[in-house]
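One structure below.
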Amino acid sequence: MRASIWQGAAILMLASLLNRIVSFAYRILVVRYIGAEGMGLYEMVFPFYSLVLMIATAGVPVALAKLVAERVALQAWGKVRSVFRLSLCFLTGSGLIAALTLWSLAPYLTGRFFADARVYQAFMVMVLALPVVCTCSAFRGYFQGLQLMQPVALAQVSEQVVRVGAGLFLGLHFLPYGVAMAAAGLAMGMVLGELVGLVISIVIFWQARSYYEVAPYQEGSMQADIFPLARLSLPVMLARAAGGVMLTLEALLIPRQLQRWGVSVGEATTIYGQYAGIALTLVYLPMVITVAVAIAMVPAIAEAQAVKDYELLSKRCRQALKLTVLSGLPFAVVFYLLATPLCDLIFSTPAAGVALKMLAWGSLFIYLEQTTVGILNGLGAMPTVLRTTIIGGIIDILGIYFFTPLLGITGAALGVNLGSGMTAILNLLALARYTPLRLDLRTFVYGPVVASCGLVLVTSFIWTVLAAVPATWRLIQAVAGGGLIYLLILFGSGVINPNHLYLLPWTGHKPGR
């Protein structure tokens with residue numbers, strides 16, 4: 001039986017939370033035992049790998065999820081099967097072509113386009129993951145369109161556990177051969193994790209295959225699905241490719257601009273490793289919620305739009321945005337107030353607090369950007385996402401280029417904030433045009449701001465009063481005390497109430513739509 005939209009989102013949140021915890025521990029161990037330099041080499045390659053992956057998948061998984069959700073709502077099961085088969089064939093082929101192309105161009109690319117040529121080994125290993133991830137994305141798009149989030153969650157958790165375990169083991173194993181080989185070991189762990197995720201997806205699909213069998217007269221045409229799939233997937237691919245280009249440019253530009261700021265190549269790599277491997281890791285923690293919401297919104301919005309239930313569509317948009325704001329804001333406040341203590345206690349790298357403190361100012365926009373993109377994709381407004389992504393990305397890169405030589409890594413973080421802020425605002429304006437969405441100021445502005453002020457006061461007070469307490473307990477009590485006040489103010493003001501627990505899949509409880 002298919003779960004409700006919020007049950008599916010809750011399942012993905014729990015899986016994502018577990019993945020973040022495991023990944024968090026992994027990064028701590030990598031930074032401590034392999035070093036920020038090894039992390040920096042790995043993080044330099046990963047944005048480029050992500051860019052190629054975005055191009056290779058061509059936006060097909062998102063388009064597939066939307067088309068499957070629409071066709072399931074209309075009970076067109078034959079067309080569901082045909083569009084999945086078309087997507088699977090395309091993604092498998094594109095992954096193989098991308099891997100072979102990059103394998104042959106690896107010496108040239110790593111020598112010319114990366115600030116540190118030692119990324120070669122990690123680059124070569126990551127290439128092997130491309131056909132695996134592309135094929136797996138077809139199954140995930142299919143499950144997502146059916147709003148079956150359990151298989152997606154199981155594959156994600158399994159991937160992460162294998163990636164972390166194997167990556168740490170292989171990274172430490174190859175560390176005596178140099179930092180570059182250690183980074184390659186981390187990449188090997190990623191490849192093994194993706195292989196496990198693919199195997200699990202195939203097994204689940206095959207076991208559930210008979211449930212979705214259709215009669216011969218219901219069969220759809222793969223040829224007839226080419227245009228609908230391309231019409232939706234092309235803007236998604238271009239938007240994700242634009243985002244990937246921006247991330248790749250960030251990875252290439254920040255170390256170079258840091259050198260203009262006045263540090264050596266090795267120091268620039270270390271600072272970038274602190275920024276990408278520590279500060280961004282912390283900022284991305286609340287995305288266990290926003291990523292789950294964004295994934296769940298694509299089929300949920302597409303379903304409501306297909307049956308022309310605009311009241312339900314507007315309700316789901318408000319719920320998604322409310323959850324994003326209320327969950328993201330306290331993290332932003334804590335990241336700003338306790339940036340250095342967090343980086344010191346967790347990663348033993350207090351210097352990363354400089355970047356984290358600046359990123360905290362724009363973190364809420366990063367979370368809103370994630371959620372609004374999911375809603376717009378569900379609406380089929382992929383060209384709008386493309387435009388807003390490009391505009392925000394240009395501002396991001398310009399900010400990094402001009403501010404980093406003046407302010408160091410703080411300038412780079414400022415550029416990222418400006419780009420994310422512009423993209424999120426443009427996406428929200430687009431939602432106001434495409435939907436009958438109306439936001440309550442008490443729920444979305446007044447309540448969260450007052451609760452955040454309470455969080456600031458209580459957290460700062462506890463942190464100051466407990467100066468003699470060991471750092472770990474001091475941090476825990478300051479965050480817990482501030483978080484409790486934040487929730488109490490939201491409950492007291494009526495912004496949230498016990499009825500909102502329908503967002504969670506409690507046993508015996510019927511979730512909201």
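Convention: chains lettered A, B, ... in structure tokens order; per-chain residue numbering from 1; ligands numbered from 1 as shown.
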Set the distance at 10 Å and use only C-alpha atoms: which residues neighbour Cys343 (chain A) once local chain neighbours fewer than 2 positions away are removed? I'd like the list as an MDAnalysis selection string. chainID A and resid 274 278:279 282 335 338:341 345:354 356
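Shortest separation to Gly189 (chain A) among A:Val307, A:Leu457, A:Met422, A:Val162 occurs at residue A:Val162, atoms counted being only C-alpha atoms.
A straight line drawn from CA of Ala480 (chain A) to CA of Pro286 (chain A) is 16.0 Å long.
Of the listed residues (A:Ala430, A:Ile391, A:Val60, A:Leu321), A:Ile391 comes nearest to Ala242 (chain A); the distances count only C-alpha atoms.
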Near Gly482 (chain A), counting only C-alpha atoms, which residues have an atom at most 7 Å away, once you skip same-chain residues fewer than 3 positions from it, shown as a compact mmCIF listing (two decimals) with N, CA and C atoms, in the first residue's frame?
```
# COMPACT_ATOMS: atom_id res chain seq x y z
N LEU A 455 15.55 32.02 21.15
CA LEU A 455 16.66 31.07 20.98
C LEU A 455 18.00 31.78 21.18
N VAL A 456 18.16 32.95 20.62
CA VAL A 456 19.41 33.71 20.73
C VAL A 456 19.68 34.07 22.19
N VAL A 458 18.48 32.79 25.08
CA VAL A 458 18.69 31.65 25.98
C VAL A 458 20.01 30.96 25.68
N THR A 459 20.30 30.73 24.42
CA THR A 459 21.56 30.07 24.05
C THR A 459 22.77 30.90 24.49
N ALA A 478 23.64 24.50 25.98
CA ALA A 478 23.28 25.77 25.33
C ALA A 478 22.34 25.53 24.15
N VAL A 479 22.65 24.53 23.31
CA VAL A 479 21.81 24.23 22.14
C VAL A 479 20.46 23.67 22.58
N ILE A 485 13.31 26.52 24.18
CA ILE A 485 12.61 27.81 24.19
C ILE A 485 12.00 28.09 22.82
N TYR A 486 12.74 27.79 21.76
CA TYR A 486 12.25 28.00 20.39
C TYR A 486 10.94 27.24 20.17
```
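With CA of Gly243 (chain A) on one side and CA of Leu439 (chain A) on the other, the separation reads 28.0 Å.
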So, with only C-alpha atoms as the atoms that count, which of A:Tyr272, A:Tyr177, A:Trp77, A:Phe84 lies closest to Tyr42 (chain A)?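 Answer, going by the shortest atom-to-atom distance: A:Tyr272.
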Write out, as a tab-separated table, each residue of region 221-329 of chain A that has an atom at most 8 Å from region 15-28 of chain A, together with the closest pair of atoms and their distance in Å to one decimal, counting only C-alpha atoms, rows going by chain and rising number.
```
residue	atom	partner	partner_atom	distance
A:Gly277	CA	A:Arg27	CA	7.2
A:Ile278	CA	A:Arg27	CA	7.8
A:Thr281	CA	A:Phe24	CA	7.5
A:Leu285	CA	A:Arg20	CA	6.7
A:Val288	CA	A:Ser16	CA	5.0
A:Ile289	CA	A:Ser16	CA	7.8
A:Ala292	CA	A:Ser16	CA	7.5
```
Produce a file of the selected residues containing all heavy atoms, as a compact mmCIF listing (two decimals), in the first residue's frame.
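See out20.txt below for the written result:
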```
# COMPACT_ATOMS: atom_id res chain seq x y z
N GLY A 277 34.52 20.74 3.49
CA GLY A 277 34.38 19.50 4.24
C GLY A 277 33.86 19.66 5.65
O GLY A 277 33.39 18.70 6.25
N ILE A 278 33.90 20.89 6.19
CA ILE A 278 33.47 21.11 7.57
C ILE A 278 32.30 22.10 7.63
O ILE A 278 31.20 21.75 8.08
CB ILE A 278 34.64 21.60 8.44
CG1 ILE A 278 35.74 20.54 8.49
CG2 ILE A 278 34.15 21.95 9.84
CD1 ILE A 278 36.99 20.97 9.24
N THR A 281 29.41 21.04 5.49
CA THR A 281 28.83 19.82 6.07
C THR A 281 27.85 20.17 7.18
O THR A 281 26.75 19.60 7.27
CB THR A 281 29.94 18.91 6.62
OG1 THR A 281 30.78 18.51 5.54
CG2 THR A 281 29.35 17.68 7.28
N LEU A 285 23.37 19.98 7.25
CA LEU A 285 22.69 19.07 8.17
C LEU A 285 21.16 19.19 8.11
O LEU A 285 20.47 18.17 8.04
CB LEU A 285 23.18 19.31 9.60
CG LEU A 285 24.44 18.57 10.03
CD1 LEU A 285 24.81 18.97 11.46
CD2 LEU A 285 24.25 17.07 9.95
N VAL A 288 18.51 17.23 5.74
CA VAL A 288 17.83 15.94 5.92
C VAL A 288 16.32 16.16 5.80
O VAL A 288 15.58 15.26 5.36
CB VAL A 288 18.16 15.31 7.28
CG1 VAL A 288 19.63 15.05 7.42
CG2 VAL A 288 17.66 16.16 8.44
N ILE A 289 15.87 17.34 6.15
CA ILE A 289 14.44 17.67 6.05
C ILE A 289 14.11 18.21 4.67
O ILE A 289 13.18 17.72 4.01
CB ILE A 289 14.06 18.69 7.13
CG1 ILE A 289 14.29 18.10 8.52
CG2 ILE A 289 12.61 19.13 6.98
CD1 ILE A 289 14.11 19.08 9.66
N ALA A 292 14.28 15.67 1.75
CA ALA A 292 13.14 14.75 1.80
C ALA A 292 11.87 15.44 1.32
O ALA A 292 11.08 14.86 0.55
CB ALA A 292 12.96 14.22 3.22
```
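Ranking A:Arg81, A:Val196, A:Ile271, A:Arg240 by their shortest atom-to-atom distance to Met39 (chain A), with only C-alpha atoms included, puts A:Ile271 first.
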Tell me, as a PyMOL selection string, which residues lie within 10 Å of Ser452 (chain A), counting only C-alpha atoms; anything in the same chain fewer than 4 positions away does not count. chain A and resi 326+329-334+446-448+456-458+482-483+485-487+489-490
For Leu247 (chain A), find every residue with an atom within 8 Å (counting only C-alpha atoms), except residues of its own chain fewer than 2 positions away, and show them as a VMD selection string. chain A and resid 47 to 48 51 243 to 245 249 to 251
What would the file look like if the residues just selected were written as a CSV table (one decimal), in the first residue's frame with N, CA, C and O atoms?
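Ended up saving to again22.csv:
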```csv
chain,number,residue,atom,x,y,z
A,47,PRO,N,32.6,18.0,-7.0
A,47,PRO,CA,31.7,18.9,-7.7
A,47,PRO,C,31.8,18.6,-9.2
A,47,PRO,O,30.7,18.7,-9.9
A,48,PHE,N,33.0,18.4,-9.8
A,48,PHE,CA,33.1,18.1,-11.2
A,48,PHE,C,32.4,16.7,-11.5
A,48,PHE,O,31.6,16.6,-12.5
A,51,LEU,N,28.7,17.4,-11.6
A,51,LEU,CA,28.3,18.1,-12.8
A,51,LEU,C,28.2,17.1,-13.9
A,51,LEU,O,27.2,17.1,-14.7
A,243,GLY,N,23.8,24.4,-12.1
A,243,GLY,CA,24.2,24.3,-10.7
A,243,GLY,C,25.5,23.6,-10.5
A,243,GLY,O,26.4,24.0,-9.7
A,244,GLY,N,25.7,22.5,-11.3
A,244,GLY,CA,26.9,21.7,-11.2
A,244,GLY,C,28.1,22.5,-11.7
A,244,GLY,O,29.2,22.4,-11.2
A,245,VAL,N,27.9,23.3,-12.8
A,245,VAL,CA,29.0,24.2,-13.3
A,245,VAL,C,29.4,25.2,-12.3
A,245,VAL,O,30.6,25.4,-12.0
A,249,LEU,N,33.0,25.5,-10.7
A,249,LEU,CA,33.7,26.7,-10.7
A,249,LEU,C,34.1,27.2,-9.3
A,249,LEU,O,35.2,27.7,-9.1
A,250,GLU,N,33.2,26.9,-8.3
A,250,GLU,CA,33.5,27.2,-6.9
A,250,GLU,C,34.8,26.5,-6.5
A,250,GLU,O,35.7,27.0,-5.9
A,251,ALA,N,34.8,25.1,-6.8
A,251,ALA,CA,35.9,24.3,-6.4
A,251,ALA,C,37.2,24.7,-7.1
A,251,ALA,O,38.3,24.6,-6.5
```
Would you please work out which residue, of A:Gly411, A:Pro235, A:Gly145, A:Gly167, is nearest to Leu386 (chain A) when using only C-alpha atoms?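 Closest candidate: A:Pro235.
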Identify, on the basis of only C-alpha atoms, every residue whose closest approach to Ala432 (chain A) does not exceed 12 Å; exclude the query and any residue fewer than 3 positions from it along the same chain; express the result as a PyMOL selection string. chain A and resi 314+317-318+372+375-376+425-429+435-439
Shortest interatomic distance to Leu368 (chain A) - which of A:Pro131, A:Gly421, A:Pro228, A:Gly380, counting only C-alpha atoms: A:Gly421
